[in-house]
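Here is the file input.txt (compact mmCIF, C-alpha atoms).
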```
# COMPACT_ATOMS: atom_id res chain seq x y z
CA MET X 1020 -27.37 -7.79 -3.98
CA LEU X 1021 -29.07 -11.15 -4.62
CA ARG X 1022 -25.67 -12.69 -5.29
CA LEU X 1023 -24.40 -11.49 -1.91
CA VAL X 1024 -27.53 -12.81 -0.18
CA PHE X 1025 -27.02 -16.21 -1.82
CA ASP X 1026 -23.34 -16.25 -0.79
CA SER X 1027 -24.34 -15.33 2.78
CA TYR X 1028 -26.75 -18.26 3.08
CA ARG X 1029 -24.19 -20.61 1.54
CA LEU X 1030 -21.48 -19.45 3.97
CA TYR X 1031 -23.92 -19.82 6.85
CA ALA X 1032 -24.76 -23.40 5.83
CA GLN X 1033 -21.10 -24.35 5.35
CA LYS X 1034 -19.95 -22.94 8.70
CA PHE X 1035 -23.10 -23.74 10.70
CA LEU X 1036 -21.61 -26.50 12.90
CA THR X 1037 -18.59 -24.38 13.89
CA ILE X 1038 -20.81 -21.34 14.51
CA ALA X 1039 -23.10 -23.43 16.74
CA LYS X 1040 -20.08 -24.77 18.66
CA TYR X 1041 -18.77 -21.25 19.30
CA ALA X 1042 -22.24 -20.01 20.29
CA LEU X 1043 -22.97 -22.88 22.69
CA PRO X 1044 -21.63 -21.19 25.90
CA TYR X 1045 -23.68 -18.08 25.15
CA LEU X 1046 -26.81 -20.18 24.51
CA LEU X 1047 -26.39 -21.98 27.84
CA LEU X 1048 -25.94 -18.65 29.63
CA CYS X 1049 -29.14 -17.28 28.06
CA CYS X 1050 -31.09 -20.39 29.02
CA ALA X 1051 -29.81 -20.17 32.60
CA ALA X 1052 -30.83 -16.50 32.77
CA LYS X 1053 -34.29 -17.37 31.42
CA TYR X 1054 -34.67 -20.10 34.03
CA LEU X 1055 -33.77 -17.67 36.83
CA GLU X 1056 -36.29 -15.12 35.50
CA THR X 1057 -39.16 -17.61 35.48
CA GLU X 1058 -38.27 -19.15 38.84
CA THR X 1059 -39.91 -17.49 41.84
CA SER X 1060 -37.26 -17.91 44.49
CA THR X 1061 -37.19 -16.32 47.90
CA SER X 1062 -33.46 -16.74 48.45
CA SER X 1063 -31.34 -13.65 49.02
CA PHE X 1064 -29.03 -14.60 46.14
CA HIS X 1065 -31.77 -14.70 43.50
CA VAL X 1066 -31.97 -10.99 42.63
CA PRO X 1067 -28.19 -10.36 42.61
CA LEU X 1068 -27.70 -13.47 40.48
CA VAL X 1069 -30.29 -12.31 37.93
CA SER X 1070 -28.63 -8.88 37.84
CA LEU X 1071 -25.23 -10.50 37.29
CA PHE X 1072 -26.61 -12.50 34.36
CA MET X 1073 -28.09 -9.33 32.85
CA VAL X 1074 -24.64 -7.73 32.92
CA LEU X 1075 -22.80 -10.81 31.64
CA ILE X 1076 -25.12 -11.57 28.71
CA PRO X 1077 -24.20 -8.49 26.57
CA LEU X 1078 -20.49 -8.98 27.31
CA ILE X 1079 -20.53 -12.68 26.41
CA SER X 1080 -22.71 -11.94 23.36
CA ALA X 1081 -20.15 -9.46 22.00
CA ALA X 1082 -17.29 -11.87 22.71
CA THR X 1083 -19.13 -14.68 20.88
CA ASP X 1084 -19.86 -12.45 17.89
CA ILE X 1085 -16.21 -11.38 17.63
CA LYS X 1086 -15.05 -15.01 17.90
CA ILE X 1087 -17.37 -16.00 15.03
CA TYR X 1088 -16.38 -12.96 12.97
CA ARG X 1089 -12.68 -13.76 13.38
CA TYR X 1090 -13.37 -17.34 12.32
CA LEU X 1091 -15.33 -16.26 9.23
CA LEU X 1092 -12.68 -13.68 8.29
CA GLY X 1093 -9.98 -16.35 8.39
CA TYR X 1094 -7.98 -15.23 11.43
CA LYS X 1095 -5.57 -17.78 12.90
CA THR X 1096 -6.65 -16.97 16.45
CA THR X 1097 -10.30 -16.47 17.34
CA ASN X 1098 -9.65 -15.00 20.78
CA PRO X 1099 -12.18 -12.14 21.15
CA LEU X 1100 -9.97 -10.30 23.67
CA SER X 1101 -6.87 -10.26 21.48
CA SER X 1102 -7.67 -6.59 20.83
CA PRO X 1103 -9.42 -4.99 23.85
CA LYS X 1104 -9.92 -1.73 21.94
CA ALA X 1105 -11.75 -3.54 19.12
CA TYR X 1106 -13.83 -5.45 21.69
CA PHE X 1107 -15.15 -2.37 23.48
CA MET X 1108 -15.68 -0.46 20.21
CA TYR X 1109 -17.64 -3.43 18.87
CA LEU X 1110 -19.77 -3.63 22.04
CA PHE X 1111 -20.56 0.09 22.00
CA SER X 1112 -21.29 0.21 18.23
CA GLN X 1113 -23.54 -2.84 18.38
CA MET X 1114 -25.63 -1.37 21.22
CA VAL X 1115 -26.01 1.99 19.45
CA ILE X 1116 -27.00 0.40 16.12
CA TYR X 1117 -29.54 -1.87 17.83
CA LEU X 1118 -31.14 0.97 19.80
CA ILE X 1119 -31.46 3.24 16.75
CA GLY X 1120 -32.69 0.43 14.50
CA SER X 1121 -35.34 -0.85 16.91
CA ALA X 1122 -36.59 2.56 18.10
CA PRO X 1123 -39.00 3.06 15.13
CA LEU X 1124 -40.57 -0.35 15.82
CA PHE X 1125 -41.55 0.58 19.37
CA LEU X 1126 -42.63 4.06 18.26
CA PHE X 1127 -44.92 2.82 15.45
CA THR X 1128 -46.36 0.07 17.69
CA PHE X 1129 -47.28 2.65 20.33
CA VAL X 1130 -48.82 5.01 17.75
CA LEU X 1131 -50.85 2.26 16.06
CA ASN X 1132 -52.12 0.93 19.40
CA THR X 1133 -53.27 4.41 20.40
CA LEU X 1134 -55.08 4.69 17.05
CA GLY X 1135 -57.15 1.62 17.92
CA TYR X 1136 -55.24 -1.24 16.30
CA SER X 1137 -55.00 -4.53 18.18
CA ASN X 1138 -51.70 -5.63 19.66
CA VAL X 1139 -51.03 -8.23 16.95
CA GLY X 1140 -52.24 -6.04 14.10
CA GLY X 1141 -50.36 -2.98 15.30
CA LEU X 1142 -47.15 -4.95 15.81
CA THR X 1143 -47.36 -6.58 12.38
CA LEU X 1144 -47.91 -3.25 10.65
CA ALA X 1145 -45.13 -1.64 12.70
CA ILE X 1146 -42.71 -4.39 11.62
CA PHE X 1147 -43.64 -3.81 7.99
CA ILE X 1148 -43.09 -0.04 8.32
CA ASN X 1149 -39.83 -0.54 10.20
CA LEU X 1150 -38.53 -2.62 7.29
CA PHE X 1151 -38.12 0.62 5.34
CA ILE X 1152 -36.47 2.50 8.24
CA GLY X 1153 -34.96 0.44 11.07
CA PHE X 1154 -34.03 -2.72 9.19
CA MET X 1155 -32.56 -0.70 6.36
CA PHE X 1156 -30.48 1.25 8.89
CA MET X 1157 -29.24 -1.90 10.66
CA ALA X 1158 -28.48 -3.69 7.39
CA ARG X 1159 -26.23 -0.83 6.29
CA PHE X 1160 -24.56 0.16 9.55
CA ASN X 1161 -23.87 -3.39 10.75
CA ILE X 1162 -21.21 -3.49 8.00
CA ILE X 1163 -18.99 -1.48 10.35
CA LEU X 1164 -18.72 -4.42 12.80
CA PRO X 1165 -16.26 -6.57 10.77
CA LEU X 1166 -14.29 -3.41 9.96
CA ILE X 1167 -13.90 -2.72 13.68
CA ILE X 1168 -12.62 -6.25 14.25
CA GLN X 1169 -10.05 -5.75 11.48
CA ASN X 1170 -8.95 -2.44 13.09
CA LYS X 1171 -10.07 -0.55 9.97
CA THR X 1172 -12.60 1.72 11.61
CA PRO X 1173 -13.52 4.48 9.13
CA THR X 1174 -14.93 7.92 9.80
CA LEU X 1175 -18.64 8.46 9.19
CA LYS X 1176 -17.98 10.15 5.85
CA GLU X 1177 -15.70 7.33 4.69
CA PHE X 1178 -18.20 4.69 5.85
CA LEU X 1179 -21.09 6.31 3.98
CA LEU X 1180 -18.97 6.31 0.83
CA TYR X 1181 -17.96 2.68 1.42
CA THR X 1182 -21.60 1.57 1.79
CA ASN X 1183 -22.95 3.90 -0.89
CA LYS X 1184 -25.64 1.66 -2.40
CA PRO X 1185 -29.15 2.45 -3.65
CA TYR X 1186 -31.95 2.62 -1.10
CA ILE X 1187 -33.65 -0.43 -2.63
CA TYR X 1188 -30.41 -2.41 -2.11
CA TRP X 1189 -30.56 -2.09 1.68
CA ILE X 1190 -34.32 -2.69 1.70
CA GLY X 1191 -33.64 -6.00 -0.06
CA VAL X 1192 -30.95 -6.90 2.47
CA GLY X 1193 -33.34 -6.15 5.33
CA LEU X 1194 -36.02 -8.28 3.67
CA PHE X 1195 -33.89 -11.38 2.92
CA ILE X 1196 -31.45 -11.27 5.86
CA TYR X 1197 -33.33 -9.70 8.79
CA ILE X 1198 -36.95 -10.75 8.28
CA PRO X 1199 -36.19 -14.48 8.96
CA TYR X 1200 -35.11 -13.46 12.47
CA VAL X 1201 -38.43 -11.62 12.99
CA ILE X 1202 -40.43 -14.59 11.73
CA LEU X 1203 -38.62 -17.08 13.97
CA HIS X 1204 -38.95 -14.74 16.95
CA TYR X 1205 -42.73 -14.37 16.74
CA VAL X 1206 -43.37 -18.00 15.72
CA SER X 1207 -41.52 -19.34 18.78
CA VAL X 1208 -42.44 -16.55 21.22
CA ASN X 1209 -44.55 -18.92 23.36
CA LEU X 1210 -41.66 -21.39 23.65
CA PRO X 1211 -39.00 -19.45 25.57
CA TYR X 1212 -36.09 -21.88 25.26
CA ALA X 1213 -36.79 -22.63 21.61
CA ASN X 1214 -37.06 -18.88 21.04
CA ILE X 1215 -33.61 -18.33 22.55
CA LEU X 1216 -32.08 -21.13 20.49
CA LEU X 1217 -33.61 -20.19 17.12
CA CYS X 1218 -33.25 -16.41 17.43
CA THR X 1219 -29.64 -16.61 18.60
CA ILE X 1220 -28.56 -19.02 15.87
CA ILE X 1221 -30.23 -17.03 13.06
CA THR X 1222 -28.53 -13.78 14.13
CA TYR X 1223 -25.21 -15.15 12.89
CA LEU X 1224 -26.64 -14.97 9.38
CA PHE X 1225 -26.15 -11.19 9.75
CA ALA X 1226 -22.45 -11.81 10.42
CA CYS X 1227 -22.18 -13.98 7.31
CA PHE X 1228 -23.67 -11.25 5.13
CA ASN X 1229 -21.38 -8.59 6.63
CA VAL X 1230 -18.33 -10.76 5.97
CA CYS X 1231 -19.44 -11.43 2.38
CA PHE X 1232 -19.96 -7.70 1.82
CA VAL X 1233 -16.50 -6.86 3.20
CA ASN X 1234 -14.75 -9.68 1.34
CA LYS X 1235 -16.35 -9.09 -2.04
CA ASP X 1236 -13.21 -7.19 -3.17
CA LYS X 1237 -10.84 -9.18 -0.88
CA GLN X 1238 -9.00 -5.99 -0.04
CA ILE X 1239 -10.96 -3.46 2.00
CA GLN X 1240 -10.41 -0.11 0.42
CA ILE X 1241 -12.43 2.70 1.92
CA PRO X 1242 -12.59 5.59 -0.57
CA ILE X 1243 -11.33 8.79 1.00
CA PRO X 1244 -12.45 12.03 -0.67
CA VAL X 1245 -9.54 14.02 -2.08
CA GLU X 1246 -9.51 17.60 -0.88
CA PRO X 1247 -8.48 20.28 -3.39
CA ILE X 1248 -4.97 21.60 -2.90
CA LYS X 1249 -4.92 25.22 -1.88
CA GLU X 1250 -2.66 27.42 -3.86
CA PRO X 1251 -0.08 29.24 -1.74
CA ILE X 1252 -0.64 32.50 -3.65
CA LYS X 1253 -4.27 32.65 -2.56
CA GLU X 1254 -3.32 32.02 1.04
CA THR X 1255 -0.83 34.87 1.02
CA ILE X 1256 -3.42 37.16 -0.53
CA LYS X 1257 -5.93 36.22 2.17
CA LYS X 1258 -3.38 36.87 4.90
CA THR X 1259 -2.44 40.24 3.49
CA VAL X 1260 -6.07 41.26 3.22
CA LYS X 1261 -6.89 40.21 6.78
CA GLU X 1262 -3.86 41.84 8.38
CA PRO X 1263 -4.08 45.62 8.75
CA GLN X 1264 -1.64 47.43 6.57
CA LYS X 1265 0.89 49.55 8.39
CA LYS X 1266 1.30 53.11 7.17
CA THR X 1267 4.85 53.96 6.25
CA VAL X 1268 6.01 57.58 6.22
CA VAL X 1269 8.47 58.28 3.44
CA LYS X 1270 10.85 61.15 4.13
CA THR X 1271 12.22 62.93 1.09
CA ILE X 1272 15.76 64.19 1.53
CA LYS X 1273 17.21 66.52 -1.10
CA LEU X 1274 20.65 65.50 -2.10
CA PRO X 1275 23.21 68.06 -3.34
CA PRO X 1276 23.69 68.14 -7.10
CA LYS X 1277 26.30 65.75 -8.31
CA GLU X 1278 29.49 67.31 -9.57
CA LYS X 1279 30.38 66.51 -13.08
CA LYS X 1280 33.44 64.40 -13.44
CA ILE X 1281 36.11 65.84 -15.65
CA SER X 1282 37.38 63.26 -18.01
CA LYS X 1283 41.07 62.70 -18.61
CA GLN X 1284 40.76 63.46 -22.33
CA THR X 1285 39.27 66.91 -21.75
CA THR X 1286 41.98 67.72 -19.20
CA LYS X 1287 44.69 66.67 -21.67
CA LYS X 1288 43.20 68.83 -24.43
CA THR X 1289 42.97 71.84 -22.18
CA THR X 1290 46.59 71.42 -21.01
CA LYS X 1291 47.78 71.14 -24.60
CA LYS X 1292 45.96 74.31 -25.55
CA THR X 1293 47.34 76.16 -22.59
CA THR X 1294 50.89 75.06 -23.40
CA LYS X 1295 50.57 76.15 -26.97
CA THR X 1296 49.05 79.53 -26.28
CA ALA X 1297 50.71 80.35 -23.02
CA LYS X 1298 54.25 80.92 -24.34
CA PRO X 1299 55.54 84.12 -22.72
CA LYS X 1300 56.95 86.86 -24.96
CA LEU X 1301 60.43 88.11 -23.95
CA LYS X 1302 60.65 91.75 -23.30
CA THR X 1303 63.70 93.67 -24.47
CA LEU X 1304 65.36 95.28 -21.58
CA PRO X 1305 67.20 98.64 -22.00
CA ALA X 1306 70.92 98.51 -22.28
```
Is it possible to give me this structure as structure tokens?
Amino acid sequence: MLRLVFDSYRLYAQKFLTIAKYALPYLLLCCAAKYLETETSTSSFHVPLVSLFMVLIPLISAATDIKIYRYLLGYKTTNPLSSPKAYFMYLFSQMVIYLIGSAPLFLFTFVLNTLGYSNVGGLTLAIFINLFIGFMFMARFNIILPLIIQNKTPTLKEFLLYTNKPYIYWIGVGLFIYIPYVILHYVSVNLPYANILLCTIITYLFACFNVCFVNKDKQIQIPIPVEPIKEPIKETIKKTVKEPQKKTVVKTIKLPPKEKKISKQTTKKTTKKTTKTAKPKLKTLPA
């Protein structure tokens, strides 16, 4: 695990300038949206424009992520819309993973605040607790994102086998890969534009780790469980047991007794005996 973390940081440092270049349009869009949020304008176009930015930001974010993933995976073309199916699957999967992974953070923050903790204290403790739940979940399930881009989307069972690592493994990944994002977010929270810049750039460290995890064997082979082959004899037995047996009425017909065949040898013997014995005696007639 530590080796993969080291390789992720090294890949991130080597490709940082290209990653920043690809992420620049998305960063400008986020800054423009932040400016519109903070500006109190009375124009009729202000609210629709803010709503448009709120719709565009997730779409452009997914497109930027796919572009960077394709670059890190070594694709010749980095066009994010080269596979529309992969694009929409990526967008949907990313939203679901984020919602599930961040839900415990909001839940624990609410519970701790109701128990009397301060906002800062409750949030800090909630982040620490979420490291063992939400961050672990995101660290493991974010591995599916580069697989989607490569059109190698596995089933849930196959994916769990592919990412079958000890629990402490994913806790370590959450600690070394995801905690820097949390630190930068809360350090720069009072500087909105710096917060957007730092938090957006550090999120591509997640992509570097996912690519290193997928490329560690160079060929992605998702283990598929082999199902036992059913014997055809058992199937036929099951079918015969399930189906109701039809009663068959057997009629007994008495056949006439067979006549004994007379052999040729016996017939010859009997004819010989009759010829020998059956010689007629001549009677003397009166003169």
Residue list as a CSV table (one decimal) with C-alpha atoms, in the frame of the given file for point (-32.5, -2.8, 5.1), cut-off 7 Å, only C-alpha atoms:
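New file selection-v2.csv:
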```
chain,number,residue,atom,x,y,z
X,1150,LEU,CA,-38.5,-2.6,7.3
X,1151,PHE,CA,-38.1,0.6,5.3
X,1154,PHE,CA,-34.0,-2.7,9.2
X,1155,MET,CA,-32.6,-0.7,6.4
X,1156,PHE,CA,-30.5,1.2,8.9
X,1157,MET,CA,-29.2,-1.9,10.7
X,1158,ALA,CA,-28.5,-3.7,7.4
X,1159,ARG,CA,-26.2,-0.8,6.3
X,1189,TRP,CA,-30.6,-2.1,1.7
X,1190,ILE,CA,-34.3,-2.7,1.7
X,1191,GLY,CA,-33.6,-6.0,-0.1
X,1192,VAL,CA,-31.0,-6.9,2.5
X,1193,GLY,CA,-33.3,-6.2,5.3
X,1194,LEU,CA,-36.0,-8.3,3.7
```
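We find atom CA of Ser1121 of chain X and atom CA of Gly1141 of chain X to be spaced 15.3 Å apart.
Taking atom CA of Cys1231 of chain X as the reference point, atom CA of Met1114 of chain X is found at 22.2 Å.
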Residues near segment 1178-1188 of chain X, cut-off 12 Å, only C-alpha atoms, skip fewer than 2 positions along chain, as a short mmCIF file (atom, residue, chain, number, x, y, z; two decimals) with C-alpha atoms, in the coordinates of the input:
```cif
data_model
loop_
_atom_site.label_atom_id
_atom_site.label_comp_id
_atom_site.auth_asym_id
_atom_site.auth_seq_id
_atom_site.Cartn_x
_atom_site.Cartn_y
_atom_site.Cartn_z
CA MET X 1020 -27.37 -7.79 -3.98
CA LEU X 1021 -29.07 -11.15 -4.62
CA ARG X 1022 -25.67 -12.69 -5.29
CA LEU X 1023 -24.40 -11.49 -1.91
CA VAL X 1024 -27.53 -12.81 -0.18
CA LEU X 1150 -38.53 -2.62 7.29
CA PHE X 1151 -38.12 0.62 5.34
CA ILE X 1152 -36.47 2.50 8.24
CA PHE X 1154 -34.03 -2.72 9.19
CA MET X 1155 -32.56 -0.70 6.36
CA PHE X 1156 -30.48 1.25 8.89
CA ALA X 1158 -28.48 -3.69 7.39
CA ARG X 1159 -26.23 -0.83 6.29
CA PHE X 1160 -24.56 0.16 9.55
CA ASN X 1161 -23.87 -3.39 10.75
CA ILE X 1162 -21.21 -3.49 8.00
CA ILE X 1163 -18.99 -1.48 10.35
CA LEU X 1164 -18.72 -4.42 12.80
CA LEU X 1166 -14.29 -3.41 9.96
CA ILE X 1167 -13.90 -2.72 13.68
CA LYS X 1171 -10.07 -0.55 9.97
CA THR X 1172 -12.60 1.72 11.61
CA PRO X 1173 -13.52 4.48 9.13
CA THR X 1174 -14.93 7.92 9.80
CA LEU X 1175 -18.64 8.46 9.19
CA LYS X 1176 -17.98 10.15 5.85
CA ILE X 1190 -34.32 -2.69 1.70
CA GLY X 1191 -33.64 -6.00 -0.06
CA VAL X 1192 -30.95 -6.90 2.47
CA GLY X 1193 -33.34 -6.15 5.33
CA LEU X 1194 -36.02 -8.28 3.67
CA PHE X 1195 -33.89 -11.38 2.92
CA ILE X 1196 -31.45 -11.27 5.86
CA ASN X 1229 -21.38 -8.59 6.63
CA PHE X 1232 -19.96 -7.70 1.82
CA VAL X 1233 -16.50 -6.86 3.20
CA ASP X 1236 -13.21 -7.19 -3.17
CA ILE X 1239 -10.96 -3.46 2.00
CA GLN X 1240 -10.41 -0.11 0.42
CA ILE X 1241 -12.43 2.70 1.92
CA PRO X 1242 -12.59 5.59 -0.57
CA ILE X 1243 -11.33 8.79 1.00
CA PRO X 1244 -12.45 12.03 -0.67
#
```
Pick the closest to Phe1125 of chain X from X:Asn1209, X:Ser1112, X:Asn1149, X:Asn1214: which is it, counting all atoms listed in the file? X:Asn1149
Which polymer residues have any atom within 10 Å of an atom of Arg1089 of chain X, counting all atoms listed in the file, with same-chain residues fewer than 2 positions away left out, as a PDB file with C-alpha atoms, in the coordinates of the input?
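The resulting file, result06.pdb, is shown below:
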```
ATOM      1  CA  THR X1083     -19.130 -14.680  20.880  1.00  0.00           C
ATOM      2  CA  ASP X1084     -19.860 -12.450  17.890  1.00  0.00           C
ATOM      3  CA  ILE X1085     -16.210 -11.380  17.630  1.00  0.00           C
ATOM      4  CA  LYS X1086     -15.050 -15.010  17.900  1.00  0.00           C
ATOM      5  CA  ILE X1087     -17.370 -16.000  15.030  1.00  0.00           C
ATOM      6  CA  LEU X1091     -15.330 -16.260   9.230  1.00  0.00           C
ATOM      7  CA  LEU X1092     -12.680 -13.680   8.290  1.00  0.00           C
ATOM      8  CA  GLY X1093      -9.980 -16.350   8.390  1.00  0.00           C
ATOM      9  CA  TYR X1094      -7.980 -15.230  11.430  1.00  0.00           C
ATOM     10  CA  LYS X1095      -5.570 -17.780  12.900  1.00  0.00           C
ATOM     11  CA  THR X1096      -6.650 -16.970  16.450  1.00  0.00           C
ATOM     12  CA  THR X1097     -10.300 -16.470  17.340  1.00  0.00           C
ATOM     13  CA  ASN X1098      -9.650 -15.000  20.780  1.00  0.00           C
ATOM     14  CA  PRO X1099     -12.180 -12.140  21.150  1.00  0.00           C
ATOM     15  CA  PRO X1165     -16.260  -6.570  10.770  1.00  0.00           C
ATOM     16  CA  ILE X1168     -12.620  -6.250  14.250  1.00  0.00           C
ATOM     17  CA  GLN X1169     -10.050  -5.750  11.480  1.00  0.00           C
ATOM     18  CA  VAL X1230     -18.330 -10.760   5.970  1.00  0.00           C
TER      19      VAL X1230
END
```
So that I can see what lies close to Leu1078 of chain X, please list as a ChimeraX atom specification the residues with an atom at most 10 Å from it, counting all atoms listed in the file and leaving out residues fewer than 5 positions away in the same chain. /X:1045,1072-1073,1083,1106-1107,1110
Quick check, in Å to one decimal: how far apart do atom CA of Ser1137 of chain X and atom CA of Thr1219 of chain X lie? 28.1 Å
Could you tell me which of X:Leu1124, X:Val1130, X:Ile1146, X:Ile1215 comes closest to Ala1052 of chain X if we count all atoms listed in the file? X:Ile1215
